[in-house]
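First comes the structure, then the notes that go with it.
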Amino acid sequence: MLKKELEKQIENILRDIGVESPRAELDTPAEMSHGEYSCNVALAYAKVFGIKPADLAQKIVDALLAKKHPHVESIEIAGAGFINFHLSSEFFVKTLEKIISEKDLYGKNDLRAGEKVIVEYTDPNPFKQFHIGHLMSNAVGETISRLIEFSGAKIKRANYQGDVGLHVAKAIWGMQELSGAMPYTKEDTLKKIEFLGGAYVHGSNAYTEDESAKKEIDALNKVIFEKSDDKINGLYDWGRKVSLEHFEDIYAKLGTKFDYYFFESETAPLGMFIAEELLAKGIFEKSEGAVVFKGEQYGLHTRVFVNSAGLPTYETKDLGLNKMKFDREDFDLSIIITANEQNEYFKVMLKALEFVDASIANKTRHISHGMLLSADGKKMSSRKGDVITGESLIVDVEKMVYEKIADRGLSDTEREVIMSQVAVGAIKYSILRQSPGRDIIFDFKKSLSFEGDSGPYLQYAHARACSVLRKAKEVEIVADLKKADSTGALEKMLIQFPNVVVRAEKDFAPQLVVTYLTELAGSFNAYYANTPIIIDAGDSAPYRVALTSAFAIVMKNGLWLLGMQAPERM
RNA sequence: GCCCCUGUAGUUCAAUGGAUAGAACAUCGGACUUCUAAGCCGGUUAUGUAGGUUCGAUUCCUGCCAGGGGCACCA
């Protein structure tokens with residue numbers, strides 16, 4: 001890699017003039033006129049020599065020029081003492097060649113070669129609705145999985161679902177109350193899901209509003225956990241199955257394929273075993289009839305691991321879950337993605353996990369996504385039933401896309417496929433455009449807008465490029481990089497892709513990919529609007545077609561990283 | 001009360017300690033006999049506050065102000 005070679009060269013020069021273990025890092029300047037790479041070592045080390053940064057920069061540049069790298073066109077000193085590198089047109093042509101020959105592989109790196117990583121995300125609960133929060137977890141988790149995969153690791157996608165616990169008791173209590181309205185087996189999934197959702201809301205409201213219902217639900221929770229009543233078991237099996245089948249439909253649409261499914265009903269027994277061990281060791285203690293972990297001694301807070309009824313809480317199940325993951329495979333890294341409201345909780349749970357197995361705890365990392373707030377800044381809640389389900393959101397956006405592409409001359413099947421791809425792209429973009437962990441103000445109208453900064457903007461640029469490539473084929477123009485135009489903004493953007501991927505992967509920052517692709521699409525759109533690519537392009541046509549092809553590849557790879565499809569027409 | 005997170009343009013968001021803080025929406029104004037106008041070109045507007053560290057701070061540290069989340073048997 002050119003970047004590393006240049007960094008090494010600069011470090012050697014610094015060492016020659018007396019800097020001990022120097023570190024030189026090339027940056028990508030925000031301003032294109034500053035070249036493709038810039039270096040700030042002169043500013044950092046000027047004080048060591050007691051000279052002006054510009055003078056030190058000159059020294060370094062002289063040494064660099066004495067052994068000039070063949071891919072460097074020119075080196076200049078700018079600003080307070082930045083060293084800016086302008087790369088040669090041969091370098092750009094070579095990179096474009098590389099993009100076209102590597103195709104889907106372009107932009108990959110080997111930072112995590114040989115590693116095994118597990119990412120847990122989405123985590124919807126059977127008996128409850130799949131709401132927009134799950135959509136967010138899925139979008140973030142899928143893109144982080146793909147970034148890690150693109151860095152050479154073997155990735156396993158895991159989904160952890162709460163099939164036991166108080167929410168199940170609330171739902172089953174509600175099912176019994178509303179049993180008259182229970183859909184027949186033949187009726188479609190949506191009806192069943194609606195019924196389940198309603199049952200949960202009913203049970204949840206009763207739990208807070210009606211003291212005797214609360215007692216019944218608490219008792220039911222124990223019955224469910226012990227599987228001691230056949231009739232309840234029947235309701236349980238029905239609800240669980242309906243939920244899980246529904247979830248699979250959504251995963252398919254979102255483009256996620258899970259390798260492992262974990263259920264709380266499985267993690268609870270292992271968790272209980274662990275909790276008892278920790279209690280015996282004195283790490284956990286009894287308090288008011290419950291088993292608790294006092295986090296205060298580590299600057300955290302106390303949490304209940306086994307409640308006074310003797311049932312495991314989420315805390316204990318999580319201990320079992322994280323142990324169980326490492327029983328499956330020996331992972332180098334385990335990532336858990338949840339909403340940011342669980343940040344403090346995870347600190348406590350991970351602290352407790354240290355006492356179970358320190359190496360597992362050290363390899364486990366919690367990443368949070370933000371909460372979805374409605375336009376008035378309030379939290380959307382599933383307990384009150386005013387939730388927007390994942391499904392309804394996707395369907396609403398799909399309808400809009402369907403209308404929009406009515407006059408594109410597409411077949412019905414094409415139209416349906418594109419509708420879904422663009423709708424999912426629009427939703428994922430609105431989630432991934434900002435840094436994960438921050439709340440998202442979800443304004444329906446804006447999030448569903450296809451103008452400007454949006455998923456469809458990226459997909460549209462890609463579809464246009466594909467359209468150009470189809471045209472090129474039609475008029476028999478073969479891509480060829482020999483007759484290069486002068487290097488422009490589009491070429492400069494294209495060669496940055498691998499650097500962006502590395503940064504995004506290191507920081508788990510998908511928004512960097514989003515921002516980059518948005519700028520890249522802008523570059524292509526401007527190029528497209530101002531440059532004849534085929535018609536009236538004369539001798540330049542083969543190069544311009546090749547450039548268009550390189551753009552389409554990078555855009556497609558970038559969209560893949562974000563978990564979005566790249567339709568060839570729309 | 002204690003702990004954590006966040007304050008950037010009218011609004012929604014970007015910005016690995018670096019150069020003139022970058023987009024989009026909104027708004028106003030342009031271009032089109034051409035390969036997809038979900039597009040292109042141009043105008044206007046921002047780092048909560050007071051200090052500190054640094055050659056250099058939106059970024060790191062401290063105080064204050066404002067908003068959000070968490071803090072015992074939900075997940």
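Residue numbers start at 1 in each chain; chains themselves are named A, B, ... in the order of the structure tokens; ligands are numbered from 1 in the order shown.
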At a cut-off of 7 Å, list the chain A residues touching chain B, using only C-alpha atoms (C1' of nucleotides), as an mmCIF file with N, CA and C atoms, in the first residue's frame.
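Resulting contents of result.cif:
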data_model
loop_
_atom_site.group_PDB
_atom_site.id
_atom_site.type_symbol
_atom_site.label_atom_id
_atom_site.label_comp_id
_atom_site.auth_asym_id
_atom_site.auth_seq_id
_atom_site.Cartn_x
_atom_site.Cartn_y
_atom_site.Cartn_z
ATOM 1 N N LEU A 43 4.926 19.802 11.896
ATOM 2 C CA LEU A 43 4.323 20.602 12.968
ATOM 3 C C LEU A 43 4.573 19.959 14.325
ATOM 4 N N GLY A 79 0.293 25.727 4.215
ATOM 5 C CA GLY A 79 -0.226 26.119 5.518
ATOM 6 C C GLY A 79 0.885 26.314 6.521
ATOM 7 N N ALA A 290 -33.354 -11.575 47.510
ATOM 8 C CA ALA A 290 -32.859 -11.697 46.142
ATOM 9 C C ALA A 290 -31.351 -11.905 46.152
ATOM 10 N N HIS A 301 -23.475 0.271 39.929
ATOM 11 C CA HIS A 301 -24.598 0.195 40.852
ATOM 12 C C HIS A 301 -25.018 -1.265 41.072
ATOM 13 N N ARG A 303 -27.282 -4.584 41.094
ATOM 14 C CA ARG A 303 -28.346 -5.148 40.261
ATOM 15 C C ARG A 303 -28.757 -6.518 40.799
ATOM 16 N N VAL A 304 -30.036 -6.815 40.593
ATOM 17 C CA VAL A 304 -30.584 -8.095 41.025
ATOM 18 C C VAL A 304 -30.326 -9.140 39.944
ATOM 19 N N ASN A 307 -34.286 -12.998 41.335
ATOM 20 C CA ASN A 307 -35.279 -12.267 42.124
ATOM 21 C C ASN A 307 -35.747 -13.076 43.323
ATOM 22 N N SER A 308 -36.547 -12.428 44.175
ATOM 23 C CA SER A 308 -36.904 -13.069 45.442
ATOM 24 C C SER A 308 -37.818 -14.276 45.244
ATOM 25 N N TYR A 314 -32.789 -10.910 33.679
ATOM 26 C CA TYR A 314 -32.039 -10.723 32.442
ATOM 27 C C TYR A 314 -30.527 -10.785 32.689
ATOM 28 N N GLU A 341 -30.052 2.718 26.178
ATOM 29 C CA GLU A 341 -30.611 2.779 27.532
ATOM 30 C C GLU A 341 -30.052 1.647 28.395
ATOM 31 N N GLU A 344 -25.534 1.409 31.048
ATOM 32 C CA GLU A 344 -25.114 1.262 32.446
ATOM 33 C C GLU A 344 -25.300 -0.184 32.905
ATOM 34 N N GLN A 434 -26.082 8.576 10.960
ATOM 35 C CA GLN A 434 -25.464 9.210 12.117
ATOM 36 C C GLN A 434 -24.731 8.181 12.965
ATOM 37 N N PHE A 450 -36.963 10.868 -0.480
ATOM 38 C CA PHE A 450 -35.938 10.256 -1.325
ATOM 39 C C PHE A 450 -35.019 11.313 -1.924
ATOM 40 N N GLU A 451 -35.186 12.550 -1.466
ATOM 41 C CA GLU A 451 -34.360 13.606 -2.053
ATOM 42 C C GLU A 451 -33.138 13.865 -1.204
ATOM 43 N N GLY A 452 -32.093 14.337 -1.892
ATOM 44 C CA GLY A 452 -30.873 14.673 -1.175
ATOM 45 C C GLY A 452 -30.282 13.451 -0.524
ATOM 46 N N ASP A 453 -29.598 13.737 0.582
ATOM 47 C CA ASP A 453 -29.022 12.768 1.471
ATOM 48 C C ASP A 453 -29.919 11.574 1.775
ATOM 49 N N PRO A 456 -31.922 6.126 -1.392
ATOM 50 C CA PRO A 456 -32.221 6.137 -2.825
ATOM 51 C C PRO A 456 -31.263 7.010 -3.650
ATOM 52 N N TYR A 457 -30.728 8.062 -3.029
ATOM 53 C CA TYR A 457 -29.762 8.909 -3.743
ATOM 54 C C TYR A 457 -28.540 8.078 -4.150
ATOM 55 N N TYR A 460 -29.698 5.421 -6.703
ATOM 56 C CA TYR A 460 -30.008 6.051 -7.979
ATOM 57 C C TYR A 460 -28.727 6.320 -8.784
ATOM 58 N N ARG A 464 -27.953 4.727 -12.402
ATOM 59 C CA ARG A 464 -27.595 5.552 -13.559
ATOM 60 C C ARG A 464 -26.303 5.056 -14.199
ATOM 61 N N VAL A 468 -25.618 3.731 -18.022
ATOM 62 C CA VAL A 468 -24.552 4.153 -18.938
ATOM 63 C C VAL A 468 -23.818 2.922 -19.478
ATOM 64 N N LYS A 471 -25.738 1.198 -22.078
ATOM 65 C CA LYS A 471 -25.666 1.975 -23.318
ATOM 66 C C LYS A 471 -24.333 1.705 -24.034
ATOM 67 N N THR A 515 -21.343 8.773 4.803
ATOM 68 C CA THR A 515 -20.914 10.101 4.374
ATOM 69 C C THR A 515 -20.071 10.001 3.108
ATOM 70 N N ASN A 525 -22.621 12.118 -9.876
ATOM 71 C CA ASN A 525 -23.737 12.860 -10.451
ATOM 72 C C ASN A 525 -23.262 14.126 -11.151
ATOM 73 N N ALA A 526 -22.294 14.796 -10.537
ATOM 74 C CA ALA A 526 -21.765 16.015 -11.149
ATOM 75 C C ALA A 526 -21.024 15.653 -12.436
ATOM 76 N N ALA A 529 -23.470 14.830 -15.108
ATOM 77 C CA ALA A 529 -24.190 15.990 -15.639
ATOM 78 C C ALA A 529 -23.319 16.854 -16.533
ATOM 79 N N ILE A 534 -20.511 8.850 -23.321
ATOM 80 C CA ILE A 534 -20.487 8.058 -24.550
ATOM 81 C C ILE A 534 -20.768 8.940 -25.761
ATOM 82 N N ILE A 535 -21.997 9.503 -25.754
ATOM 83 C CA ILE A 535 -22.371 10.364 -26.871
ATOM 84 C C ILE A 535 -21.525 11.632 -26.833
#
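Of note, atom CA of A:Thr28 and atom CA of A:Gly522 are spaced 18.5 Å apart.
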Could you pull out all residues of stretch 212-315 of chain A with a DSSP call of strand (DSSP E) and give them as an MDAnalysis selection string? chainID A and resid 260:263 285:287 290:293 303:306
Using only N, CA and C atoms, please write the residues we just selected to a file, as a PDB file, in the first residue's frame.
ATOM      1  N   TYR A 260     -26.565 -18.259  14.569  1.00  0.00           N
ATOM      2  CA  TYR A 260     -26.940 -18.817  15.865  1.00  0.00           C
ATOM      3  C   TYR A 260     -28.174 -18.118  16.413  1.00  0.00           C
ATOM      4  N   TYR A 261     -29.087 -18.903  16.957  1.00  0.00           N
ATOM      5  CA  TYR A 261     -30.215 -18.354  17.696  1.00  0.00           C
ATOM      6  C   TYR A 261     -30.069 -18.798  19.138  1.00  0.00           C
ATOM      7  N   PHE A 262     -30.071 -17.828  20.025  1.00  0.00           N
ATOM      8  CA  PHE A 262     -30.061 -18.164  21.455  1.00  0.00           C
ATOM      9  C   PHE A 262     -31.397 -17.732  22.049  1.00  0.00           C
ATOM     10  N   PHE A 263     -31.885 -18.526  22.984  1.00  0.00           N
ATOM     11  CA  PHE A 263     -33.143 -18.190  23.649  1.00  0.00           C
ATOM     12  C   PHE A 263     -32.933 -18.102  25.150  1.00  0.00           C
ATOM     13  N   GLU A 285     -24.313 -11.566  46.620  1.00  0.00           N
ATOM     14  CA  GLU A 285     -24.801 -11.740  47.983  1.00  0.00           C
ATOM     15  C   GLU A 285     -26.319 -11.711  48.032  1.00  0.00           C
ATOM     16  N   LYS A 286     -26.850 -12.225  49.143  1.00  0.00           N
ATOM     17  CA  LYS A 286     -28.303 -12.217  49.350  1.00  0.00           C
ATOM     18  C   LYS A 286     -28.704 -10.888  49.938  1.00  0.00           C
ATOM     19  N   SER A 287     -29.804 -10.353  49.446  1.00  0.00           N
ATOM     20  CA  SER A 287     -30.300  -9.105  49.987  1.00  0.00           C
ATOM     21  C   SER A 287     -31.794  -9.028  49.745  1.00  0.00           C
ATOM     22  N   ALA A 290     -33.354 -11.575  47.510  1.00  0.00           N
ATOM     23  CA  ALA A 290     -32.859 -11.697  46.142  1.00  0.00           C
ATOM     24  C   ALA A 290     -31.351 -11.905  46.152  1.00  0.00           C
ATOM     25  N   VAL A 291     -30.822 -12.367  45.007  1.00  0.00           N
ATOM     26  CA  VAL A 291     -29.374 -12.480  44.866  1.00  0.00           C
ATOM     27  C   VAL A 291     -28.903 -11.283  44.056  1.00  0.00           C
ATOM     28  N   VAL A 292     -28.016 -10.495  44.643  1.00  0.00           N
ATOM     29  CA  VAL A 292     -27.594  -9.251  43.982  1.00  0.00           C
ATOM     30  C   VAL A 292     -26.079  -9.177  43.815  1.00  0.00           C
ATOM     31  N   PHE A 293     -25.672  -8.328  42.898  1.00  0.00           N
ATOM     32  CA  PHE A 293     -24.259  -8.017  42.719  1.00  0.00           C
ATOM     33  C   PHE A 293     -24.090  -6.546  43.061  1.00  0.00           C
ATOM     34  N   ARG A 303     -27.282  -4.584  41.094  1.00  0.00           N
ATOM     35  CA  ARG A 303     -28.346  -5.148  40.261  1.00  0.00           C
ATOM     36  C   ARG A 303     -28.757  -6.518  40.799  1.00  0.00           C
ATOM     37  N   VAL A 304     -30.036  -6.815  40.593  1.00  0.00           N
ATOM     38  CA  VAL A 304     -30.584  -8.095  41.025  1.00  0.00           C
ATOM     39  C   VAL A 304     -30.326  -9.140  39.944  1.00  0.00           C
ATOM     40  N   PHE A 305     -29.753 -10.263  40.336  1.00  0.00           N
ATOM     41  CA  PHE A 305     -29.489 -11.339  39.371  1.00  0.00           C
ATOM     42  C   PHE A 305     -30.504 -12.475  39.483  1.00  0.00           C
ATOM     43  N   VAL A 306     -30.945 -12.747  40.729  1.00  0.00           N
ATOM     44  CA  VAL A 306     -32.017 -13.727  40.899  1.00  0.00           C
ATOM     45  C   VAL A 306     -33.055 -13.064  41.793  1.00  0.00           C
TER      46      VAL A 306
END
Using only C-alpha atoms (C1' of nucleotides), determine which residues lie at most 12 Å from B:G52, disregarding the query and same-chain residues fewer than 4 positions distant; provide the list as a ChimeraX atom specification. /B:57,60-63
Store the residues of this selection in a file with C-alpha atoms (C1' of nucleotides), as an mmCIF file, in the first residue's frame.
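Written file, out10.cif:
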data_model
loop_
_atom_site.group_PDB
_atom_site.id
_atom_site.type_symbol
_atom_site.label_atom_id
_atom_site.label_comp_id
_atom_site.auth_asym_id
_atom_site.auth_seq_id
_atom_site.Cartn_x
_atom_site.Cartn_y
_atom_site.Cartn_z
ATOM 1 C "C1'" A B 57 -9.236 22.286 20.144
ATOM 2 C "C1'" C B 60 -8.774 16.266 25.288
ATOM 3 C "C1'" C B 61 -9.314 18.218 30.845
ATOM 4 C "C1'" U B 62 -12.188 21.285 34.712
ATOM 5 C "C1'" G B 63 -16.383 24.427 36.317
#
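Atom CA of A:Ile217 is found 7.8 Å from atom CA of A:Leu166.
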Would you pick out the contacts of A:Glu391 at 9 Å or less, using only C-alpha atoms (C1' of nucleotides), so that residues sharing its chain but fewer than 6 positions from it are not included, and give the list as a compact mmCIF listing (two decimals) with N, CA and C atoms, in the first residue's frame?
# COMPACT_ATOMS: atom_id res chain seq x y z
N PHE A 130 -42.15 -6.68 16.62
CA PHE A 130 -40.85 -6.30 16.07
C PHE A 130 -40.97 -4.82 15.75
N HIS A 131 -40.40 -3.98 16.60
CA HIS A 131 -40.62 -2.55 16.39
C HIS A 131 -39.40 -1.87 15.77
N ILE A 132 -39.49 -0.55 15.66
CA ILE A 132 -38.43 0.14 14.94
C ILE A 132 -37.09 0.04 15.65
N ILE A 250 -39.13 -10.98 8.19
CA ILE A 250 -38.51 -9.66 8.26
C ILE A 250 -37.00 -9.74 8.01
List every residue of stretch 311-421 of chain A that DSSP, applied to the backbone of this structure, places in alpha helix (DSSP H), and write the result as an MDAnalysis selection string. chainID A and resid 314:328 343:356 358:363 390:404 412:421
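The two atoms in question, atom CA of A:Asp485 and atom CA of A:Ser540, are spaced 7.0 Å apart.
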Which neighbours of A:Tyr236 fall inside 8 Å, counting only C-alpha atoms (C1' of nucleotides), when residues of the same chain fewer than 3 positions from it are skipped, and could you give them as a ChimeraX atom specification? /A:172,224,232-233,239-240
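With only C-alpha atoms (C1' of nucleotides) as the atoms that count, the residue of B:A37, B:A31, B:A66, B:U45 with the shortest distance to B:A9 is B:U45.
Comparing the minimum interatomic distances between A:Thr143 and each of A:Lys428, A:Lys483, A:Lys446, A:Lys215, counting only C-alpha atoms, we find that A:Lys428 sits nearest.
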Nearest candidate to A:Glu354 (options A:Ile283, A:Asn109, A:Ala566, A:Asp259; using only C-alpha atoms): A:Ile283
Taking 3 positions as the minimum chain separation for residues in the same chain, which residues sit within 10 Å of A:Gly198 when counting only C-alpha atoms (C1' of nucleotides)? Answer as a list in words. Phe127, Lys128, Gln129, Ala171, Gly174, Met175, Leu178, Lys192, Ile193, Glu194, Phe195, Val201, His202, Gly203, Ser204 and Gly385 of chain A
May I have the residues from that selection written out with N, CA and C atoms, as an mmCIF file, in the first residue's frame?
data_model
loop_
_atom_site.group_PDB
_atom_site.id
_atom_site.type_symbol
_atom_site.label_atom_id
_atom_site.label_comp_id
_atom_site.auth_asym_id
_atom_site.auth_seq_id
_atom_site.Cartn_x
_atom_site.Cartn_y
_atom_site.Cartn_z
ATOM 1 N N PHE A 127 -43.605 -12.950 21.270
ATOM 2 C CA PHE A 127 -44.794 -12.477 21.985
ATOM 3 C C PHE A 127 -44.908 -10.953 21.973
ATOM 4 N N LYS A 128 -43.857 -10.287 21.544
ATOM 5 C CA LYS A 128 -43.943 -8.829 21.432
ATOM 6 C C LYS A 128 -43.724 -8.459 19.972
ATOM 7 N N GLN A 129 -44.035 -7.195 19.662
ATOM 8 C CA GLN A 129 -43.885 -6.777 18.278
ATOM 9 C C GLN A 129 -42.426 -6.533 17.907
ATOM 10 N N ALA A 171 -48.211 -11.392 27.989
ATOM 11 C CA ALA A 171 -48.845 -11.714 26.707
ATOM 12 C C ALA A 171 -49.799 -12.901 26.859
ATOM 13 N N GLY A 174 -52.869 -11.947 28.612
ATOM 14 C CA GLY A 174 -53.716 -11.215 27.661
ATOM 15 C C GLY A 174 -54.395 -12.161 26.676
ATOM 16 N N MET A 175 -53.686 -13.195 26.230
ATOM 17 C CA MET A 175 -54.262 -14.170 25.300
ATOM 18 C C MET A 175 -55.457 -14.875 25.930
ATOM 19 N N LEU A 178 -58.417 -12.469 26.086
ATOM 20 C CA LEU A 178 -58.976 -12.132 24.769
ATOM 21 C C LEU A 178 -59.202 -13.370 23.913
ATOM 22 N N LYS A 192 -52.443 -13.009 13.162
ATOM 23 C CA LYS A 192 -51.964 -13.636 14.395
ATOM 24 C C LYS A 192 -51.031 -12.687 15.153
ATOM 25 N N ILE A 193 -50.174 -12.018 14.391
ATOM 26 C CA ILE A 193 -49.232 -11.080 14.999
ATOM 27 C C ILE A 193 -49.982 -9.932 15.661
ATOM 28 N N GLU A 194 -51.026 -9.467 14.995
ATOM 29 C CA GLU A 194 -51.845 -8.388 15.547
ATOM 30 C C GLU A 194 -52.471 -8.822 16.865
ATOM 31 N N PHE A 195 -52.990 -10.040 16.860
ATOM 32 C CA PHE A 195 -53.612 -10.569 18.066
ATOM 33 C C PHE A 195 -52.606 -10.654 19.214
ATOM 34 N N VAL A 201 -50.191 -5.905 24.959
ATOM 35 C CA VAL A 201 -50.557 -4.565 25.435
ATOM 36 C C VAL A 201 -51.615 -4.662 26.535
ATOM 37 N N HIS A 202 -52.577 -5.554 26.310
ATOM 38 C CA HIS A 202 -53.644 -5.748 27.292
ATOM 39 C C HIS A 202 -53.065 -6.217 28.638
ATOM 40 N N GLY A 203 -52.193 -7.226 28.565
ATOM 41 C CA GLY A 203 -51.589 -7.767 29.778
ATOM 42 C C GLY A 203 -50.694 -6.755 30.464
ATOM 43 N N SER A 204 -49.974 -5.987 29.658
ATOM 44 C CA SER A 204 -49.038 -5.014 30.197
ATOM 45 C C SER A 204 -49.773 -3.892 30.930
ATOM 46 N N GLY A 385 -48.790 0.610 23.243
ATOM 47 C CA GLY A 385 -49.369 0.207 21.971
ATOM 48 C C GLY A 385 -49.270 1.258 20.882
#
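Comparing the minimum interatomic distances between A:Val422 and each of A:Met564, A:Cys39, A:Ile495, A:Ala465, counting only C-alpha atoms, we find that A:Met564 sits nearest.
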